[in-house]
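**Q** Please see the structure below; I have some questions.
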Amino acid sequence: MEERKLLHSFLAKSQKELPPRRMKDSYIEVLLPLGSEPELREKYLTVQNTVRFGRILEDLDSLGVLVCYMHTKNDSLKMSPLSIVTALVDKIDMCKKSLSPEQDIKFSGHVSWVGKSSMEVKMQMFQLHGNEFCPVLDATFVMVARDAENKGPAFVNPLIPGNVEEEELFRQGELNKGKRIAFSSTSLLKMAPSAKERNTIHEMFLSTLDPKTISFQSRVLPPNAVWMESTKLKSLEVCHPQERNIFNRIFGGFLMRKAYELAWATACNLGGSRSFVVAVDDIMFQKPVEIGSLLFLSSQVCFTQNNYIQVRVHSEVASLQNKEHMTTNVFHFTFMSEKEVPLVYPKTYGESMLYLDGQRHFSSMSVPVSLRKDYRVEP
């Protein structure tokens, strides 16, 4: 970090000082040779002989950072004066392809939209089937450039679309930014639910009243249902130096992996069978996690429909010296179970808001995925 202080003088004073870049300038392909390196395969292997999706999340996070460093690369400098950090996992959509631990995986990615200090990164993942790499997932991350010591925002190179396809990608990046602002402005933490959502909650409440008593206090579960409060799972991680990034903070990919694995266990616990991830969205990195922190993860099923399970994971940190808990992340995962799962019913107003938030995230899923036998992505 002492060395990085010297890089402040190389930061641009305005975006106009920086040369514009094309999407091809940041394009990267990375091969994960699971097929040819058995010792690497061990790191990615699940007990069901599939690929650990938590490890894939770590790789996507690293690739997103690398893509942004390619976009902002200055050939005259040996070290970048920028600190690139993950601000948001906007969306990860799974395709209906199997993930074998014995076949090579290929990642590709490039910057698709640029603001003043933020960059949207589009990434894809493929796996070798026969002689062809077939798509497995599409991911959209938002990365932010900070100064050399990661203390304030820094300007990044502007992006110029090179053809009609790139113009469409750039336009989609602008739309994504607008959607994020709109989604945030209508958050249930800021605004009351819509009339339709209020009716949904009231109907659920009425369906849990005990018909034997005329009381709002006496509640009973409808058939094939569980109380939301009974779906919780929790875990604790000690944040060791092994998981740090170059800024001496805990690597964001590690946090995603741990949150995902707890969410997967939560979904399996409710469904009573193996669950498969179909979408990840709206993971906001609100606060960095310091080395030595205690990381508290709390996972809960907040919405179900047929064999879909929407899981929310809340992440908090506390230091040994200061026992005050601070929220660092909220994660949203959509899973699919092999069989139909129980409905979850909220008891309190707070749980009702979690239910509606889960319903909103589930509804934002691009295309509902139909479960196939060759579709296997697990922790």
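Going by the structure tokens order, chains are called A, B, ..., each with residues numbered from 1, while ligands are numbered from 1 in the order shown.
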Give me the residues within 9 Å of stretch 174-183 of chain A as a PyMOL selection string, counting only C-alpha atoms and dropping any in the same chain fewer than 2 places off.
**A** chain A and resi 90+113-114+169-172+185-187+282
**Q** Go through stretch 136-310 of chain A and collect every residue that DSSP, computed from the backbone, puts in strand (DSSP E); the answer should be as an NGL selection string.
**A** :A and (136-146 or 225-227 or 233-238 or 275-285 or 294-305 or 308-310)
**Q** If you measure from atom CA of A:Leu57 to atom CA of A:Ile160, what distance in Å do you get, rounded to one decimal?
**A** 28.7 Å
**Q** When you count only C-alpha atoms, which of these residues is closest to A:Asn157: A:Ala12, A:Leu188, A:Met365, A:Leu77?
**A**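 When distances to A:Asn157 are compared using only C-alpha atoms, the smallest one comes from A:Ala12.
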**Q** List the spatial neighbours of A:Val238 as an MDAnalysis selection string - criterion: any atom at most 7 Å away, only C-alpha atoms, same-chain residues fewer than 4 positions off excluded.
**A** chainID A and resid 292:295
**Q** Need to verify the contact set: A:Asn329, 6 Å, only C-alpha atoms, exclusion of same-chain residues closer than 2 positions in sequence. Can you return it as a list in words?
**A** Met284, Phe285, Gln286, Ser315 and Thr327 of chain A
**Q** Tell me which protein, DNA and RNA residues are within 12 Å of A:Ser194, counting only C-alpha atoms, leaving out same-chain ones fewer than 5 positions away, and put them as an NGL selection string.
**A** :A and (186-188 or 199-201 or 353 or 356-357 or 360)
**Q** So the first atom is atom CA of A:Glu120 and the second is atom CA of A:Trp264; what is the distance between them in Å, to one decimal place?
**A** 27.0 Å
